[in-house]
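Colleague: Contents of entry_14.pdb (PDB, C-alpha atoms) are below:
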```
MODEL        1
ATOM      1  CA  MET A   1       0.000   0.000   0.000
ATOM      2  CA  SER A   2       1.386   3.360  -1.036
ATOM      3  CA  VAL A   3       1.272   6.314   1.293
ATOM      4  CA  PHE A   4       0.786   9.804  -0.128
ATOM      5  CA  THR A   5       1.731  12.842   1.852
ATOM      6  CA  ILE A   6       0.081  16.188   1.039
ATOM      7  CA  LYS A   7       2.217  19.113   1.992
ATOM      8  CA  PRO A   8       0.266  22.132   3.275
ATOM      9  CA  LYS A   9       0.800  25.405   1.455
ATOM     10  CA  ALA A  10       2.960  27.912   3.155
ATOM     11  CA  LYS A  11       0.944  30.213   5.363
ATOM     12  CA  GLY A  12       0.175  33.535   3.739
ATOM     13  CA  LYS A  13       0.748  32.266   0.187
ATOM     14  CA  ARG A  14      -1.754  32.272  -2.683
ATOM     15  CA  LYS A  15      -0.331  30.831  -5.905
ATOM     16  CA  GLY A  16       3.065  32.273  -5.234
ATOM     17  CA  VAL A  17       1.660  35.635  -4.065
ATOM     18  CA  SER A  18       1.960  36.839  -0.504
ATOM     19  CA  TYR A  19      -1.209  37.058   1.567
ATOM     20  CA  ASP A  20      -0.928  40.854   1.860
ATOM     21  CA  GLU A  21      -0.508  41.176  -1.890
ATOM     22  CA  PHE A  22      -3.515  38.889  -2.421
ATOM     23  CA  LYS A  23      -5.677  41.084  -0.147
ATOM     24  CA  ARG A  24      -4.496  44.217  -1.911
ATOM     25  CA  LYS A  25      -5.504  42.825  -5.308
ATOM     26  CA  ILE A  26      -8.912  41.781  -4.011
ATOM     27  CA  ASN A  27      -9.477  45.221  -2.464
ATOM     28  CA  THR A  28      -8.394  46.937  -5.672
ATOM     29  CA  SER A  29     -10.739  44.740  -7.700
ATOM     30  CA  ASN A  30     -13.629  45.517  -5.353
ATOM     31  CA  GLN A  31     -12.913  49.227  -5.537
ATOM     32  CA  LEU A  32     -12.896  49.124  -9.328
ATOM     33  CA  MET A  33     -16.214  47.290  -9.317
ATOM     34  CA  VAL A  34     -17.743  49.861  -6.967
ATOM     35  CA  ALA A  35     -16.374  52.740  -9.033
ATOM     36  CA  ALA A  36     -17.788  51.192 -12.213
ATOM     37  CA  GLY A  37     -21.187  50.962 -10.533
ATOM     38  CA  GLN A  38     -21.053  54.588  -9.383
ATOM     39  CA  GLU A  39     -20.181  56.014 -12.810
ATOM     40  CA  ILE A  40     -23.325  56.572 -14.902
ATOM     41  CA  GLY A  41     -21.534  57.467 -18.136
ATOM     42  CA  ASP A  42     -22.405  60.233 -20.561
ATOM     43  CA  ILE A  43     -25.691  62.109 -20.342
ATOM     44  CA  PRO A  44     -27.912  61.079 -23.293
ATOM     45  CA  ALA A  45     -28.625  63.606 -26.020
ATOM     46  CA  VAL A  46     -31.860  65.607 -25.983
ATOM     47  CA  VAL A  47     -34.439  63.748 -28.066
ATOM     48  CA  ASN A  48     -36.511  66.741 -29.200
ATOM     49  CA  PRO A  49     -34.593  70.028 -28.891
ATOM     50  CA  ALA A  50     -37.333  71.979 -30.698
ATOM     51  CA  ARG A  51     -40.008  70.824 -28.252
ATOM     52  CA  ARG A  52     -37.784  71.687 -25.327
ATOM     53  CA  GLU A  53     -36.896  75.150 -26.634
ATOM     54  CA  ALA A  54     -40.511  75.998 -27.486
ATOM     55  CA  CYS A  55     -41.490  75.664 -23.818
ATOM     56  CA  ARG A  56     -38.666  77.760 -22.370
ATOM     57  CA  LEU A  57     -40.852  80.844 -21.943
ATOM     58  CA  ASN A  58     -44.229  79.120 -22.164
ATOM     59  CA  LEU A  59     -45.454  77.319 -19.044
ATOM     60  CA  GLU A  60     -48.814  76.522 -20.637
ATOM     61  CA  LEU A  61     -47.127  74.746 -23.552
ATOM     62  CA  PHE A  62     -44.824  72.915 -21.139
ATOM     63  CA  CYS A  63     -47.851  71.559 -19.260
ATOM     64  CA  LYS A  64     -49.479  70.356 -22.467
ATOM     65  CA  SER A  65     -46.301  68.980 -24.021
ATOM     66  CA  TYR A  66     -44.849  67.052 -21.097
ATOM     67  CA  PHE A  67     -47.905  66.270 -18.955
ATOM     68  CA  PRO A  68     -50.681  65.374 -21.417
ATOM     69  CA  GLU A  69     -52.189  62.833 -19.031
ATOM     70  CA  VAL A  70     -52.358  65.318 -16.155
ATOM     71  CA  PHE A  71     -53.779  68.169 -18.232
ATOM     72  CA  CYS A  72     -56.049  66.176 -20.512
ATOM     73  CA  LEU A  73     -58.872  68.744 -20.558
ATOM     74  CA  LYS A  74     -58.936  72.158 -22.173
ATOM     75  CA  PHE A  75     -57.604  74.936 -19.963
ATOM     76  CA  SER A  76     -60.106  77.531 -18.773
ATOM     77  CA  GLU A  77     -59.391  81.241 -18.867
ATOM     78  CA  THR A  78     -58.671  81.063 -15.141
ATOM     79  CA  HIS A  79     -56.093  78.304 -15.635
ATOM     80  CA  ILE A  80     -54.390  80.301 -18.365
ATOM     81  CA  ARG A  81     -54.346  83.392 -16.156
ATOM     82  CA  VAL A  82     -52.750  81.385 -13.321
ATOM     83  CA  MET A  83     -50.059  79.963 -15.580
ATOM     84  CA  ARG A  84     -49.214  83.300 -17.150
ATOM     85  CA  ARG A  85     -48.962  84.976 -13.765
ATOM     86  CA  LEU A  86     -46.864  82.080 -12.436
ATOM     87  CA  GLN A  87     -44.581  82.347 -15.436
ATOM     88  CA  GLU A  88     -44.174  86.095 -15.009
ATOM     89  CA  THR A  89     -43.380  85.705 -11.310
ATOM     90  CA  ALA A  90     -40.849  82.918 -11.902
ATOM     91  CA  ILE A  91     -38.976  84.861 -14.567
ATOM     92  CA  ASN A  92     -39.314  88.489 -13.469
ATOM     93  CA  GLY A  93     -40.073  88.242  -9.753
ATOM     94  CA  GLY A  94     -42.865  89.842  -7.768
ATOM     95  CA  GLN A  95     -45.367  88.581  -5.217
ATOM     96  CA  TYR A  96     -48.869  87.551  -6.199
ATOM     97  CA  VAL A  97     -51.877  85.765  -4.671
ATOM     98  CA  LEU A  98     -54.807  84.296  -6.570
ATOM     99  CA  ALA A  99     -58.005  82.759  -5.156
ATOM    100  CA  MET A 100     -59.427  79.715  -6.944
ATOM    101  CA  PRO A 101     -62.105  77.116  -6.162
ATOM    102  CA  ARG A 102     -61.085  73.788  -4.676
ATOM    103  CA  ALA A 103     -60.430  70.885  -7.088
ATOM    104  CA  SER A 104     -59.729  73.320  -9.916
ATOM    105  CA  GLY A 105     -56.281  71.929 -10.720
ATOM    106  CA  LYS A 106     -54.255  74.714  -9.138
ATOM    107  CA  THR A 107     -52.034  72.321  -7.143
ATOM    108  CA  ALA A 108     -51.039  70.336 -10.241
ATOM    109  CA  ILE A 109     -50.218  73.566 -12.065
ATOM    110  CA  MET A 110     -48.097  74.776  -9.132
ATOM    111  CA  SER A 111     -46.151  71.499  -8.954
ATOM    112  CA  VAL A 112     -45.458  71.394 -12.689
ATOM    113  CA  ALA A 113     -44.500  75.071 -12.595
ATOM    114  CA  ALA A 114     -41.816  74.239 -10.038
ATOM    115  CA  ILE A 115     -40.298  71.658 -12.405
ATOM    116  CA  TRP A 116     -40.496  74.044 -15.382
ATOM    117  CA  THR A 117     -38.862  76.838 -13.391
ATOM    118  CA  ILE A 118     -35.946  74.647 -12.298
ATOM    119  CA  PHE A 119     -35.373  72.850 -15.612
ATOM    120  CA  TYR A 120     -35.001  76.115 -17.524
ATOM    121  CA  GLY A 121     -32.878  77.785 -14.868
ATOM    122  CA  HIS A 122     -35.361  80.566 -14.150
ATOM    123  CA  ARG A 123     -34.794  80.016 -10.397
ATOM    124  CA  LYS A 124     -32.320  77.949  -8.360
ATOM    125  CA  PHE A 125     -34.039  77.288  -5.026
ATOM    126  CA  ILE A 126     -37.805  76.823  -4.769
ATOM    127  CA  VAL A 127     -39.684  76.245  -1.537
ATOM    128  CA  ILE A 128     -43.196  74.835  -1.712
ATOM    129  CA  VAL A 129     -45.289  75.678   1.344
ATOM    130  CA  GLY A 130     -48.396  73.627   2.082
ATOM    131  CA  SER A 131     -51.156  74.061   4.619
ATOM    132  CA  SER A 132     -49.520  71.287   6.712
ATOM    133  CA  ALA A 133     -46.308  69.279   6.706
ATOM    134  CA  SER A 134     -48.100  66.204   5.362
ATOM    135  CA  ARG A 135     -49.682  68.223   2.568
ATOM    136  CA  ALA A 136     -46.290  69.666   1.636
ATOM    137  CA  MET A 137     -44.841  66.147   1.476
ATOM    138  CA  GLU A 138     -47.627  65.064  -0.878
ATOM    139  CA  LEU A 139     -46.649  67.871  -3.249
ATOM    140  CA  MET A 140     -42.980  66.894  -3.049
ATOM    141  CA  ASP A 141     -43.802  63.249  -3.700
ATOM    142  CA  ASP A 142     -45.668  64.225  -6.866
ATOM    143  CA  ILE A 143     -42.715  66.256  -8.121
ATOM    144  CA  LYS A 144     -40.246  63.469  -7.378
ATOM    145  CA  SER A 145     -42.422  60.893  -9.080
ATOM    146  CA  TRP A 146     -42.729  62.997 -12.234
ATOM    147  CA  VAL A 147     -39.006  63.748 -12.409
ATOM    148  CA  GLU A 148     -38.198  60.075 -11.941
ATOM    149  CA  THR A 149     -40.817  58.426 -14.171
ATOM    150  CA  ASN A 150     -41.978  60.909 -16.828
ATOM    151  CA  ASP A 151     -40.467  59.587 -20.070
ATOM    152  CA  LEU A 152     -41.021  62.833 -21.980
ATOM    153  CA  LEU A 153     -39.086  64.793 -19.355
ATOM    154  CA  ASN A 154     -36.305  62.216 -19.435
ATOM    155  CA  GLU A 155     -36.097  62.509 -23.231
ATOM    156  CA  ASP A 156     -35.713  66.292 -23.331
ATOM    157  CA  PHE A 157     -34.116  67.030 -19.935
ATOM    158  CA  PRO A 158     -31.710  64.092 -19.495
ATOM    159  CA  GLU A 159     -29.226  66.218 -17.560
ATOM    160  CA  ALA A 160     -31.811  66.487 -14.760
ATOM    161  CA  CYS A 161     -33.678  63.180 -15.013
ATOM    162  CA  PHE A 162     -31.165  60.582 -16.217
ATOM    163  CA  PRO A 163     -28.910  60.615 -13.095
ATOM    164  CA  ILE A 164     -31.991  60.358 -10.863
ATOM    165  CA  ARG A 165     -33.274  57.384 -12.828
ATOM    166  CA  LYS A 166     -29.879  55.713 -12.508
ATOM    167  CA  LEU A 167     -30.384  55.618  -8.742
ATOM    168  CA  GLU A 168     -33.106  53.026  -9.420
ATOM    169  CA  ARG A 169     -34.843  54.118  -6.202
ATOM    170  CA  ILE A 170     -31.810  52.998  -4.155
ATOM    171  CA  THR A 171     -31.247  56.288  -2.374
ATOM    172  CA  HIS A 172     -27.863  55.472  -0.826
ATOM    173  CA  ARG A 173     -26.391  55.401  -4.349
ATOM    174  CA  GLN A 174     -26.618  59.188  -4.437
ATOM    175  CA  ARG A 175     -23.589  59.384  -2.142
ATOM    176  CA  GLY A 176     -21.195  57.914  -4.672
ATOM    177  CA  GLN A 177     -22.832  58.547  -8.040
ATOM    178  CA  LYS A 178     -20.549  60.175 -10.606
ATOM    179  CA  CYS A 179     -20.888  61.486 -14.138
ATOM    180  CA  GLY A 180     -17.666  61.836 -16.084
ATOM    181  CA  GLY A 181     -15.782  61.146 -12.871
ATOM    182  CA  LYS A 182     -17.436  64.049 -11.021
ATOM    183  CA  PRO A 183     -19.912  63.554  -8.140
ATOM    184  CA  THR A 184     -23.484  64.418  -9.100
ATOM    185  CA  ARG A 185     -24.346  65.286  -5.479
ATOM    186  CA  ILE A 186     -28.040  64.442  -5.817
ATOM    187  CA  ASP A 187     -29.983  65.119  -2.636
ATOM    188  CA  TRP A 188     -33.028  62.831  -2.533
ATOM    189  CA  ALA A 189     -34.197  63.553   1.016
ATOM    190  CA  GLY A 190     -37.774  63.222   2.214
ATOM    191  CA  ASN A 191     -38.763  66.869   1.892
ATOM    192  CA  LYS A 192     -36.026  67.957  -0.494
ATOM    193  CA  LEU A 193     -34.836  67.327  -4.033
ATOM    194  CA  GLY A 194     -31.361  68.531  -4.936
ATOM    195  CA  PHE A 195     -30.817  68.146  -8.665
ATOM    196  CA  PRO A 196     -27.625  66.561 -10.039
ATOM    197  CA  MET A 197     -24.613  68.765 -10.587
ATOM    198  CA  ILE A 198     -23.882  68.347 -14.285
ATOM    199  CA  ASP A 199     -21.606  70.643 -16.292
ATOM    200  CA  GLY A 200     -23.640  72.862 -18.598
ATOM    201  CA  SER A 201     -26.975  71.988 -17.005
ATOM    202  CA  LEU A 202     -29.354  74.851 -16.231
ATOM    203  CA  SER A 203     -30.712  72.849 -13.286
ATOM    204  CA  SER A 204     -27.291  71.902 -11.906
ATOM    205  CA  GLY A 205     -27.401  72.005  -8.112
ATOM    206  CA  ALA A 206     -30.924  73.488  -8.081
ATOM    207  CA  ILE A 207     -33.219  72.656  -5.172
ATOM    208  CA  ILE A 208     -36.910  72.139  -4.515
ATOM    209  CA  SER A 209     -37.932  71.724  -0.882
ATOM    210  CA  ALA A 210     -41.270  71.424   0.869
ATOM    211  CA  SER A 211     -42.435  72.795   4.211
ATOM    212  CA  GLY A 212     -45.650  73.050   6.169
ATOM    213  CA  MET A 213     -47.011  76.243   7.662
ATOM    214  CA  SER A 214     -44.599  76.218  10.575
ATOM    215  CA  GLY A 215     -42.045  78.951  11.096
ATOM    216  CA  SER A 216     -39.458  76.518  12.453
ATOM    217  CA  ASP A 217     -39.645  74.423   9.245
ATOM    218  CA  ILE A 218     -39.302  77.430   6.974
ATOM    219  CA  ARG A 219     -36.592  79.524   8.592
ATOM    220  CA  GLY A 220     -32.895  79.078   7.860
ATOM    221  CA  GLN A 221     -33.114  77.156   4.589
ATOM    222  CA  LYS A 222     -29.916  77.323   2.541
ATOM    223  CA  ALA A 223     -27.623  75.132   0.472
ATOM    224  CA  LEU A 224     -24.266  75.079  -1.305
ATOM    225  CA  SER A 225     -24.156  76.191  -4.911
ATOM    226  CA  PRO A 226     -22.158  74.226  -7.537
ATOM    227  CA  GLU A 227     -19.451  76.858  -7.128
ATOM    228  CA  GLY A 228     -19.304  76.324  -3.368
ATOM    229  CA  GLY A 229     -21.178  79.460  -2.310
ATOM    230  CA  ILE A 230     -24.318  79.731  -0.197
ATOM    231  CA  ILE A 231     -27.671  79.934  -1.953
ATOM    232  CA  ARG A 232     -30.976  80.735  -0.305
ATOM    233  CA  PRO A 233     -34.534  80.322  -1.586
ATOM    234  CA  ASP A 234     -35.358  82.688  -4.453
ATOM    235  CA  PHE A 235     -38.908  81.535  -5.217
ATOM    236  CA  VAL A 236     -41.705  80.348  -2.943
ATOM    237  CA  LEU A 237     -44.917  78.651  -4.028
ATOM    238  CA  ILE A 238     -47.645  78.704  -1.383
ATOM    239  CA  ASP A 239     -50.362  76.165  -2.053
ATOM    240  CA  ASP A 240     -53.612  76.844  -0.195
ATOM    241  CA  PRO A 241     -52.044  77.919   3.131
ATOM    242  CA  GLN A 242     -55.098  77.235   5.283
ATOM    243  CA  THR A 243     -57.141  74.218   6.333
ATOM    244  CA  ARG A 244     -60.840  74.267   7.142
ATOM    245  CA  GLU A 245     -59.975  74.079  10.843
ATOM    246  CA  SER A 246     -57.538  77.004  10.668
ATOM    247  CA  ALA A 247     -59.962  79.049   8.542
ATOM    248  CA  GLU A 248     -62.531  78.870  11.348
ATOM    249  CA  SER A 249     -60.050  80.143  13.944
ATOM    250  CA  PRO A 250     -59.162  83.864  13.955
ATOM    251  CA  THR A 251     -56.128  83.023  16.108
ATOM    252  CA  GLN A 252     -54.789  80.497  13.590
ATOM    253  CA  CYS A 253     -55.510  82.837  10.689
ATOM    254  CA  ASP A 254     -53.513  85.563  12.412
ATOM    255  CA  LYS A 255     -50.660  83.167  13.209
ATOM    256  CA  ARG A 256     -50.430  81.899   9.637
ATOM    257  CA  GLU A 257     -50.479  85.415   8.254
ATOM    258  CA  LYS A 258     -47.553  86.324  10.501
ATOM    259  CA  ILE A 259     -45.629  83.206   9.372
ATOM    260  CA  ILE A 260     -46.098  84.196   5.740
ATOM    261  CA  GLU A 261     -45.054  87.791   6.318
ATOM    262  CA  GLY A 262     -42.280  87.163   8.836
ATOM    263  CA  ASP A 263     -40.825  83.811   7.726
ATOM    264  CA  VAL A 264     -41.888  82.801   4.228
ATOM    265  CA  LEU A 265     -41.280  86.157   2.569
ATOM    266  CA  CYS A 266     -37.954  86.580   4.385
ATOM    267  CA  MET A 267     -36.344  83.312   3.249
ATOM    268  CA  ALA A 268     -34.180  85.044   0.631
ATOM    269  CA  GLY A 269     -32.120  86.667   3.383
ATOM    270  CA  PRO A 270     -31.627  90.187   4.750
ATOM    271  CA  GLY A 271     -32.296  92.944   2.277
ATOM    272  CA  LYS A 272     -33.486  90.606  -0.487
ATOM    273  CA  THR A 273     -36.983  90.252  -1.897
ATOM    274  CA  ILE A 274     -38.146  86.742  -2.718
ATOM    275  CA  ALA A 275     -40.416  85.946  -5.661
ATOM    276  CA  ALA A 276     -43.660  84.480  -4.332
ATOM    277  CA  PHE A 277     -46.879  83.065  -5.741
ATOM    278  CA  CYS A 278     -49.824  81.878  -3.675
ATOM    279  CA  THR A 279     -53.028  80.129  -4.662
ATOM    280  CA  CYS A 280     -55.765  79.915  -2.070
ATOM    281  CA  THR A 281     -59.436  79.099  -1.594
ATOM    282  CA  VAL A 282     -61.818  81.224   0.442
ATOM    283  CA  ILE A 283     -63.553  79.004   2.994
ATOM    284  CA  GLN A 284     -65.453  81.622   4.963
ATOM    285  CA  GLN A 285     -65.636  85.355   5.378
ATOM    286  CA  GLY A 286     -62.626  86.821   7.178
ATOM    287  CA  ASP A 287     -60.364  83.750   6.871
ATOM    288  CA  LEU A 288     -56.695  83.839   5.843
ATOM    289  CA  ALA A 289     -57.471  83.709   2.115
TER     290      ALA A 289
ENDMDL
END
```
Rewrite the coordinates I just gave you, this time as structure tokens.

Modeller:
Amino acid sequence: MSVFTIKPKAKGKRKGVSYDEFKRKINTSNQLMVAAGQEIGDIPAVVNPARREACRLNLELFCKSYFPEVFCLKFSETHIRVMRRLQETAINGGQYVLAMPRASGKTAIMSVAAIWTIFYGHRKFIVIVGSSASRAMELMDDIKSWVETNDLLNEDFPEACFPIRKLERITHRQRGQKCGGKPTRIDWAGNKLGFPMIDGSLSSGAIISASGMSGSDIRGQKALSPEGGIIRPDFVLIDDPQTRESAESPTQCDKREKIIEGDVLCMAGPGKTIAAFCTCTVIQQGDLA
């Protein structure tokens, strides 16, 4: 009977390579794999440049062109007036309030207007203020969903939508995502959407945030610009700032009016005037609206 002896490999050796060298190669390979997963590649070309350019100074056309399922009915004169006033405020500034009936589509118009304003670079930091924190979050969820899933927006605004889609709803990917080797710095927080920093993009580093009618939620909002400076809100959209309960309380009406005057309209910082647009619905005589 023959006896075979198997000699153990020398400790710390892997095919003639030291154990430390083996670990280094594995770590390097893992790092390369992670880096490859973080890099999203080139931003796709715009599919329809003419369609995109036609909507630059036309919010009404933007609504019809990119949200045909949302705005499937003919706009009324009131809707057109709201959109034109919104457009004027976004581009030229000013502060305006308009009363409309409930369920008239004003909230959808406001939300789409925020996207239009950011995508064309008319403003860099928009704050949407709702009657409550939960209502504000509903508005933000709508905006996020459209930016992430609207195929028409992705076709014509790939610099804003493509990096967000590449997250594939895995939010921790935003920390390491890169485009052309540069971090995109997307901020996909619960009540905030920081758009990807992409060279040449009009929406690069732009922000949309949402807050309820609470002074503590509104005050002190700021962010870093792509150049490293501090930017503060330059446009506020107030969507129906009262509830039925608050409308019936003179105390709450007074409190909310003070929040709008003392907090909302002062978000741009000392000595600066913020552009503001508010839609509201009159619930009873003498309420906030």

Colleague: Atom CA of A:Val70 to atom CA of A:Ala45: how many Å, to one decimal?

Modeller: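 For atom CA of A:Val70 relative to atom CA of A:Ala45, the distance reads 25.8 Å.
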
Colleague: Check which residues satisfy the PyMOL selection byres ((chain A and resi 143-150) around 12) in the file shown, then give them as a tab-separated table (two decimals) with C-alpha atoms, keeping the file's coordinate frame.

Modeller:
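And here is the file that came out, out_17.tsv:
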```tsv
chain	number	residue	atom	x	y	z
A	65	SER	CA	-46.30	68.98	-24.02
A	66	TYR	CA	-44.85	67.05	-21.10
A	67	PHE	CA	-47.90	66.27	-18.95
A	68	PRO	CA	-50.68	65.37	-21.42
A	69	GLU	CA	-52.19	62.83	-19.03
A	70	VAL	CA	-52.36	65.32	-16.16
A	107	THR	CA	-52.03	72.32	-7.14
A	108	ALA	CA	-51.04	70.34	-10.24
A	109	ILE	CA	-50.22	73.57	-12.06
A	110	MET	CA	-48.10	74.78	-9.13
A	111	SER	CA	-46.15	71.50	-8.95
A	112	VAL	CA	-45.46	71.39	-12.69
A	113	ALA	CA	-44.50	75.07	-12.60
A	114	ALA	CA	-41.82	74.24	-10.04
A	115	ILE	CA	-40.30	71.66	-12.40
A	116	TRP	CA	-40.50	74.04	-15.38
A	118	ILE	CA	-35.95	74.65	-12.30
A	119	PHE	CA	-35.37	72.85	-15.61
A	128	ILE	CA	-43.20	74.83	-1.71
A	136	ALA	CA	-46.29	69.67	1.64
A	137	MET	CA	-44.84	66.15	1.48
A	138	GLU	CA	-47.63	65.06	-0.88
A	139	LEU	CA	-46.65	67.87	-3.25
A	140	MET	CA	-42.98	66.89	-3.05
A	141	ASP	CA	-43.80	63.25	-3.70
A	142	ASP	CA	-45.67	64.22	-6.87
A	151	ASP	CA	-40.47	59.59	-20.07
A	152	LEU	CA	-41.02	62.83	-21.98
A	153	LEU	CA	-39.09	64.79	-19.36
A	154	ASN	CA	-36.30	62.22	-19.43
A	155	GLU	CA	-36.10	62.51	-23.23
A	156	ASP	CA	-35.71	66.29	-23.33
A	157	PHE	CA	-34.12	67.03	-19.93
A	158	PRO	CA	-31.71	64.09	-19.50
A	159	GLU	CA	-29.23	66.22	-17.56
A	160	ALA	CA	-31.81	66.49	-14.76
A	161	CYS	CA	-33.68	63.18	-15.01
A	162	PHE	CA	-31.16	60.58	-16.22
A	163	PRO	CA	-28.91	60.62	-13.10
A	164	ILE	CA	-31.99	60.36	-10.86
A	165	ARG	CA	-33.27	57.38	-12.83
A	166	LYS	CA	-29.88	55.71	-12.51
A	167	LEU	CA	-30.38	55.62	-8.74
A	168	GLU	CA	-33.11	53.03	-9.42
A	169	ARG	CA	-34.84	54.12	-6.20
A	187	ASP	CA	-29.98	65.12	-2.64
A	188	TRP	CA	-33.03	62.83	-2.53
A	189	ALA	CA	-34.20	63.55	1.02
A	190	GLY	CA	-37.77	63.22	2.21
A	191	ASN	CA	-38.76	66.87	1.89
A	192	LYS	CA	-36.03	67.96	-0.49
A	193	LEU	CA	-34.84	67.33	-4.03
A	194	GLY	CA	-31.36	68.53	-4.94
A	195	PHE	CA	-30.82	68.15	-8.66
A	196	PRO	CA	-27.62	66.56	-10.04
A	207	ILE	CA	-33.22	72.66	-5.17
A	208	ILE	CA	-36.91	72.14	-4.51
A	209	SER	CA	-37.93	71.72	-0.88
A	210	ALA	CA	-41.27	71.42	0.87
```

Colleague: Taking into account all atoms listed in the file, which residue in the set A:Val127, A:Ala247, A:Met100, A:Ile43 is nearest to A:Gln285?

Modeller: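 Comparing A:Val127, A:Ala247, A:Met100, A:Ile43 against A:Gln285, the winner is A:Ala247.
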
Colleague: Work out how far atom CA of A:Val129 is from atom CA of A:Lys106, in Å to one decimal.

Modeller: 13.8 Å

Colleague: Would you mind telling me which residue in A:Asp287, A:Glu39, A:Asp240, A:Glu21 lies nearest to A:Gly105 when using only C-alpha atoms?

Modeller: A:Asp240

Colleague: Kindly indicate which residue among A:Ser104, A:Ser249, A:Gln38, A:Ser203 lies nearest to A:Gly176, using all atoms listed in the file for the distances.

Modeller: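 Going through A:Ser104, A:Ser249, A:Gln38, A:Ser203 one by one, the smallest distance to A:Gly176 is for A:Gln38.
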
Colleague: Give me the residues near A:Pro241 as number ranges by chain, where near means some atom within 12 Å (using all atoms listed in the file) and where sequence neighbours in that chain fewer than 2 positions away do not count.

Modeller: A: 97-99, 107, 128-133, 135-136, 211-214, 237-239, 243-247, 252-253, 255-257, 259-260, 264, 277-283, 287-289

Colleague: Pick the closest to A:Ser225 from A:Gly205, A:Gly271, A:Gly200, A:Pro250: which is it, counting all atoms listed in the file?

Modeller: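 Smallest distance to A:Ser225 is found for A:Gly205.
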